[in-house]
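Here's the structure we're looking at; comments come further down.
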Amino acid sequence: MKKKYLSIIFIAILIVSCNKFLDTKPQVVLTPIQAFQTPTQITSAIAGVYTNLRTTNFYGQYYTSWYTVPTDESYFYNTSFPFTYYANNSSDNTNGNTIGFWKGCFQSINYANTLLDNIDASAAIGHVDTAFVRKAKGETYFLRGYYYFLLVQWFGGVPLELHANTDPTKVNIARNTTKQVYDQIIADMSIADSLLYDQSFQTFKYSDRVTQEAVEGILARVCLYAAGQPTNDTKRFKDAIYWASKLINAGTHGLLANYSQPFIDECQNNYNLENIWEIGFNQKGVGIPSAGGTIGVYCGVGNTSASSNAAATGNAYDSGYCYAYVKLHPRLYCSYESGDYRRNWNVANYSFSGAAATKIPMASNKYWSRNPAKWRREYEPAISRSVQVTSSTNFPVLRYADVLLMLAEAENEVNGPTATAYDAIKKVRDRSISPFPIIDSLGVIVGSGYTSKPDFNWSNLSGTGWNVNPVYVGSTNVTTGITTYTVNALLVSQGTGVGNVSTGFTSTPTVSIGNQWAAATLYDTGMQVAAPNGKLYTVTAKGTTTSTP
């Protein structure tokens with residue numbers, strides 16, 4: 001009895017001691033009630049919800065390189081490439097990338113749910129400004145909806161989880177229908193729109209974080225998806241008109257004058273009024289750290305020459321290494337109409353060659369070897385180009401041009417081809433289509449045997465700044481050691497960069513090899529003169545011609 005009594009006293013002392021000395025608040029792991037008590041904590045939590053969008057399974061690589069290969073626009077040129085299951089639609093639930101995408105979406109949804117479940121009570125303890133909390137909830141509602149939007153496109157109906165999952169044994173969750181998922185996405189994003197009324201591009205001056213305009217533009221896209229197959233919720237066409245019109249009427253975004261400029265800006269981490277929401281890989285947002293992407297690295301204009309690999313050569317900077325695993329189908333190249341500036345920017349009309357990574361114009365009859373070229377590593381900052389496997393180029397999830405075309409599509413579905421629909425399309429076309437014909441290449445019939453590359457001159461050419469770039473084929477005679485050249489074609493473009501076309505020919509040009517011979521004309525040493533006999537001569541002594549060729 002005495003021993004038992006002493007044991008009870010000892011236990012009581014332990015209980016009192018624990019209550020007096022043990023700090024019951026965790027020091028290493030934050031509980032939900034502690035996690036959102038300061039603006040810094042809340043900003044970090046929001047950054048965590050964004051994070052998966054920048055990882056490999058999302059826009060960090062696969063969304064910008066591999067996931068579009070099964071479409072009718074592109075193909076893998078190397079059938080032994082390990083990601084060819086995307087090309088033949090053979091990816092299933094055993095595929096690590098598919099699993100990673102699924103897990104990444106639901107992980108981010110759970111992060112969002114944790115914030116939404118606890119931020120009000122936690123922020124109240126910390127006395128966080130209510131406007132700050134409101135906008136944080138707006139971004140989080142949108143992001144939860146966006147991850148569900150990604151999921152429903154891939155998998156159809158998926159389980160809807162609207163509160164944080166705190167039970168690790170809760171794994172078998174029933175799927176909702178695609179309509180239920182779309183309804184929830186639209187509900188979440190509609191809440192976000194009401195909460196982010198004072199968060200715009202003008203607020204941040206960059207496009208990496210969600211703004212009210214981004215919410216409205218993505219809502220228009222979501223509604224179009226919901227209105228089409230397989231959900232066929234056709235009332236959503238009217239909703240798409242509402243959201244697209246609301247964004248357009250706000251007047252905070254617009255088209256840039258040059259089609260290529262938005263993509264150049266993304267390569268250079270510049271922000272503009274056309275790109276409404278970007279996945280940033282050189283982030284400027286508070287609480288959102290920098291992260292390297294792969295835009296232009298795997299899907300772009302091939303550039304694997306020695307000098308473009310800084311790691312191999314020891315160069316401080318390079319011209320932007322690109323594996324170019326993806327090539328474009330000729331049907332895409334041929335689908336552009338005459339005078340469409342977008343073709344020579346979206347579809348490369350040049351390649352890189354040699355150790356110096358020299359640009360070589362591509363002949364017009366080369367259809368199967370063209371690369372995607374929207375994002376060109378040559379425009380990246382030098383420090384980004386110097387890294388072989390990553391780039392700092394941002395990816396535009398939503399551009400103003402997208403919103404105009406979505407408005408036109410929805411308006412046509414609801415009201416037919418109205419003036420509103422035509423006006424939206426016209427704005428995009430006016431920026432994209434030249435009023436004049438654009439000549440990309442000229443066929444040339446030339447004999448071989450030139451021991452130096454022949455010069456070209458052109459006339460009857462209306463416009464300024466045009467370049468005529470010969471495509472040569474050289475071969476060396478083993479006996480004499482003399483290299484002779486045959487001219488295959490001429491590629492014609494305007495501006496300082498290939499594909500940077502702003503006007504077109506108003507008349508058919510005449511292209512001549514060398515300077516055409518004329519009487520009583522002074523020719524300098526080294527000039528190439530085409531005589532009436534059809535031969536090209538190089539002047540060896542300066543002098544004035546007589547009246548006889």
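How things are named: the first chain in the structure tokens is A, the next is B, and so on; residues count from 1 in each chain; ligands count from 1 in the order shown.
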Checklist entry - Using the chain letters and numbers from this document, which residues of stretch 120-164 of chain A does DSSP assign to alpha helix (DSSP H), as an NGL selection string? => result :A and (120-126 or 130-155)
Next on the checklist: Quick check, in Å to one decimal: how far apart do atom CA of A:Tyr62 and atom CA of A:Val297 lie?
Outcome noted: 11.7 Å
Write down as a PDB file with C-alpha atoms, in the first residue's frame the residues belonging to stretch 149-318 of chain A that are assigned strand (DSSP E or B) by DSSP computed on the backbone.
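See result.pdb below for the written result:
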ATOM      1  CA  ASN A 275       0.645  39.308 -71.499  1.00  0.00           C
ATOM      2  CA  ILE A 276      -2.029  39.088 -68.810  1.00  0.00           C
ATOM      3  CA  TRP A 277      -0.776  36.121 -66.774  1.00  0.00           C
ATOM      4  CA  GLU A 278       2.645  34.471 -67.065  1.00  0.00           C
ATOM      5  CA  ILE A 279       4.382  31.619 -65.318  1.00  0.00           C
ATOM      6  CA  GLY A 293      12.478  26.886 -66.638  1.00  0.00           C
ATOM      7  CA  ASN A 303      21.453  25.057 -81.535  1.00  0.00           C
TER       8      ASN A 303
END
Checklist entry - Do you have the atom CA of A:Tyr146-atom CA of A:Asn57 distance handy? => result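 Computing it gives 15.3 Å between the two atoms.
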Using only C-alpha atoms, tabulate the residues of stretch 364-440 of chain A lying at most 9 Å from any atom of stretch 229-248 of chain A, each with its closest atom pair and that distance in Å to one decimal, by chain and increasing residue number, as a tab-separated table.
residue	atom	partner	partner_atom	distance
A:Tyr400	CA	A:Ile248	CA	8.4
A:Val403	CA	A:Ala244	CA	5.9
A:Leu404	CA	A:Ala244	CA	7.5
A:Met406	CA	A:Ala244	CA	7.2
A:Leu407	CA	A:Ile241	CA	5.6
A:Ala408	CA	A:Ile241	CA	8.4
A:Glu409	CA	A:Phe237	CA	8.7
A:Ala410	CA	A:Phe237	CA	5.2
A:Glu411	CA	A:Ile241	CA	6.4
A:Glu413	CA	A:Phe237	CA	7.0
A:Val414	CA	A:Phe237	CA	6.7
Item to check | A:Gln180 environment, 9 Å, only C-alpha atoms, sequence neighbours closer than 5 positions dropped, as a ChimeraX atom specification | outcome: /A:157,160,185
Grab the residues selected above and save them as a PDB file, in the first residue's frame with N, CA and C atoms.
ATOM      1  N   GLY A 157     -14.039  14.037 -64.869  1.00  0.00           N
ATOM      2  CA  GLY A 157     -14.480  14.190 -63.492  1.00  0.00           C
ATOM      3  C   GLY A 157     -13.442  13.680 -62.514  1.00  0.00           C
ATOM      4  N   LEU A 160     -13.677  16.234 -55.888  1.00  0.00           N
ATOM      5  CA  LEU A 160     -13.669  17.625 -55.441  1.00  0.00           C
ATOM      6  C   LEU A 160     -13.397  17.658 -53.944  1.00  0.00           C
ATOM      7  N   ILE A 185     -15.084  25.110 -60.350  1.00  0.00           N
ATOM      8  CA  ILE A 185     -14.019  25.993 -60.857  1.00  0.00           C
ATOM      9  C   ILE A 185     -14.568  27.395 -61.074  1.00  0.00           C
TER      10      ILE A 185
END
Checklist entry - Between atom CA of A:Ser434 and atom CA of A:Val511, what is the spacing in Å? => result 22.2 Å
Checklist entry - Which one of A:Ser207, A:Glu274, A:Glu216, A:Arg376 sits closest to A:Ala401 if you count only C-alpha atoms? => result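 Comparing A:Ser207, A:Glu274, A:Glu216, A:Arg376 against A:Ala401, the winner is A:Glu274.
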Checklist entry - What lies within 12 Å of A:Tyr333 using only C-alpha atoms, ignoring chain neighbours under 3 positions off, as a ChimeraX atom specification? => result /A:72-74,327-330,336-338,340-349,364-373
Got time to write the residues from that selection, N, CA, C and O atoms, as a compact mmCIF listing (two decimals), in the first residue's frame?
# COMPACT_ATOMS: atom_id res chain seq x y z
N ASP A 72 -1.94 17.71 -83.94
CA ASP A 72 -1.63 17.66 -85.37
C ASP A 72 -0.67 18.77 -85.77
O ASP A 72 -0.52 19.07 -86.95
N GLU A 73 0.02 19.38 -84.80
CA GLU A 73 0.92 20.49 -85.11
C GLU A 73 2.38 20.10 -85.09
O GLU A 73 3.20 20.75 -85.73
N SER A 74 2.75 19.06 -84.34
CA SER A 74 4.17 18.79 -84.16
C SER A 74 4.42 17.30 -84.00
O SER A 74 3.50 16.49 -83.93
N LYS A 327 9.71 19.00 -83.69
CA LYS A 327 9.63 19.66 -84.99
C LYS A 327 8.16 19.83 -85.36
O LYS A 327 7.30 19.12 -84.85
N LEU A 328 7.91 20.77 -86.26
CA LEU A 328 6.54 21.11 -86.62
C LEU A 328 6.10 20.39 -87.88
O LEU A 328 6.89 20.18 -88.81
N HIS A 329 4.83 20.04 -87.90
CA HIS A 329 4.28 19.35 -89.07
C HIS A 329 4.08 20.36 -90.21
O HIS A 329 3.68 21.50 -89.98
N PRO A 330 4.35 19.94 -91.44
CA PRO A 330 4.15 20.86 -92.58
C PRO A 330 2.76 21.45 -92.67
O PRO A 330 2.58 22.56 -93.17
N TYR A 336 -0.79 28.82 -92.72
CA TYR A 336 -0.76 30.28 -92.69
C TYR A 336 -0.98 30.83 -94.09
O TYR A 336 -0.39 30.36 -95.06
N GLU A 337 -1.81 31.84 -94.20
CA GLU A 337 -2.08 32.43 -95.50
C GLU A 337 -0.95 33.38 -95.89
O GLU A 337 -0.13 33.78 -95.06
N SER A 338 -0.93 33.76 -97.17
CA SER A 338 0.10 34.65 -97.67
C SER A 338 0.07 35.97 -96.91
O SER A 338 -0.98 36.56 -96.70
N ASP A 340 1.04 36.42 -93.72
CA ASP A 340 0.83 36.29 -92.28
C ASP A 340 2.19 36.34 -91.57
O ASP A 340 2.99 35.43 -91.67
N TYR A 341 2.40 37.44 -90.83
CA TYR A 341 3.67 37.61 -90.14
C TYR A 341 3.92 36.49 -89.12
O TYR A 341 5.07 36.21 -88.78
N ARG A 342 2.87 35.88 -88.62
CA ARG A 342 3.03 34.90 -87.55
C ARG A 342 3.79 33.66 -88.00
O ARG A 342 4.46 33.02 -87.19
N ARG A 343 3.68 33.31 -89.27
CA ARG A 343 4.31 32.07 -89.73
C ARG A 343 5.81 32.06 -89.49
O ARG A 343 6.34 31.12 -88.90
N ASN A 344 6.51 33.10 -89.95
CA ASN A 344 7.96 33.10 -89.86
C ASN A 344 8.47 33.40 -88.46
O ASN A 344 9.69 33.36 -88.23
N TRP A 345 7.56 33.73 -87.53
CA TRP A 345 7.97 33.83 -86.14
C TRP A 345 7.66 32.53 -85.40
O TRP A 345 8.49 32.04 -84.63
N ASN A 346 6.51 31.97 -85.64
CA ASN A 346 6.13 30.74 -84.94
C ASN A 346 6.86 29.52 -85.49
O ASN A 346 7.12 28.56 -84.76
N VAL A 347 7.16 29.54 -86.79
CA VAL A 347 7.81 28.42 -87.47
C VAL A 347 9.15 28.92 -88.00
O VAL A 347 9.19 29.84 -88.82
N ALA A 348 10.23 28.33 -87.54
CA ALA A 348 11.56 28.84 -87.88
C ALA A 348 11.81 28.79 -89.38
O ALA A 348 11.56 27.77 -90.03
N ASN A 349 12.32 29.89 -89.94
CA ASN A 349 12.74 29.91 -91.34
C ASN A 349 14.26 30.01 -91.44
O ASN A 349 14.80 30.50 -92.41
N SER A 364 12.53 27.51 -98.97
CA SER A 364 11.08 27.46 -98.80
C SER A 364 10.50 26.06 -98.96
O SER A 364 9.40 25.78 -98.51
N ASN A 365 11.25 25.15 -99.63
CA ASN A 365 10.73 23.79 -99.83
C ASN A 365 11.14 22.83 -98.71
O ASN A 365 10.91 21.64 -98.80
N LYS A 366 11.72 23.36 -97.66
CA LYS A 366 12.08 22.54 -96.49
C LYS A 366 10.90 22.57 -95.52
O LYS A 366 10.73 23.53 -94.77
N TYR A 367 10.10 21.52 -95.53
CA TYR A 367 8.88 21.52 -94.73
C TYR A 367 9.01 20.73 -93.42
O TYR A 367 8.49 21.12 -92.39
N TRP A 368 9.70 19.59 -93.45
CA TRP A 368 9.68 18.68 -92.31
C TRP A 368 10.74 18.98 -91.27
O TRP A 368 10.74 18.37 -90.20
N SER A 369 11.66 19.86 -91.56
CA SER A 369 12.79 20.09 -90.65
C SER A 369 12.69 21.41 -89.89
O SER A 369 13.67 21.89 -89.34
N ARG A 370 11.50 21.99 -89.85
CA ARG A 370 11.34 23.30 -89.20
C ARG A 370 11.02 23.13 -87.71
O ARG A 370 10.24 22.28 -87.33
N ASN A 371 11.60 24.01 -86.91
CA ASN A 371 11.40 23.98 -85.47
C ASN A 371 10.40 25.05 -85.02
O ASN A 371 10.22 26.06 -85.70
N PRO A 372 9.76 24.85 -83.87
CA PRO A 372 9.00 25.93 -83.26
C PRO A 372 9.95 27.07 -82.91
O PRO A 372 11.08 26.82 -82.49
N ALA A 373 9.51 28.30 -83.04
CA ALA A 373 10.44 29.42 -82.87
C ALA A 373 9.85 30.61 -82.13
O ALA A 373 10.39 31.71 -82.21
Next on the checklist: Applying 12 Å and only C-alpha atoms, which residues near A:Lys205 remain after dropping the ones on its own chain fewer than 3 positions away? List them as a list in words.
Outcome noted: Gln199, Ser200, Phe201, Gln202, Asp208, Arg209, Val210, Thr211, Thr252, Asn269, Asn270, Tyr271, Asn272, Leu273, Asn275, Ile276, Trp277, Lys284 and Gly285 of chain A
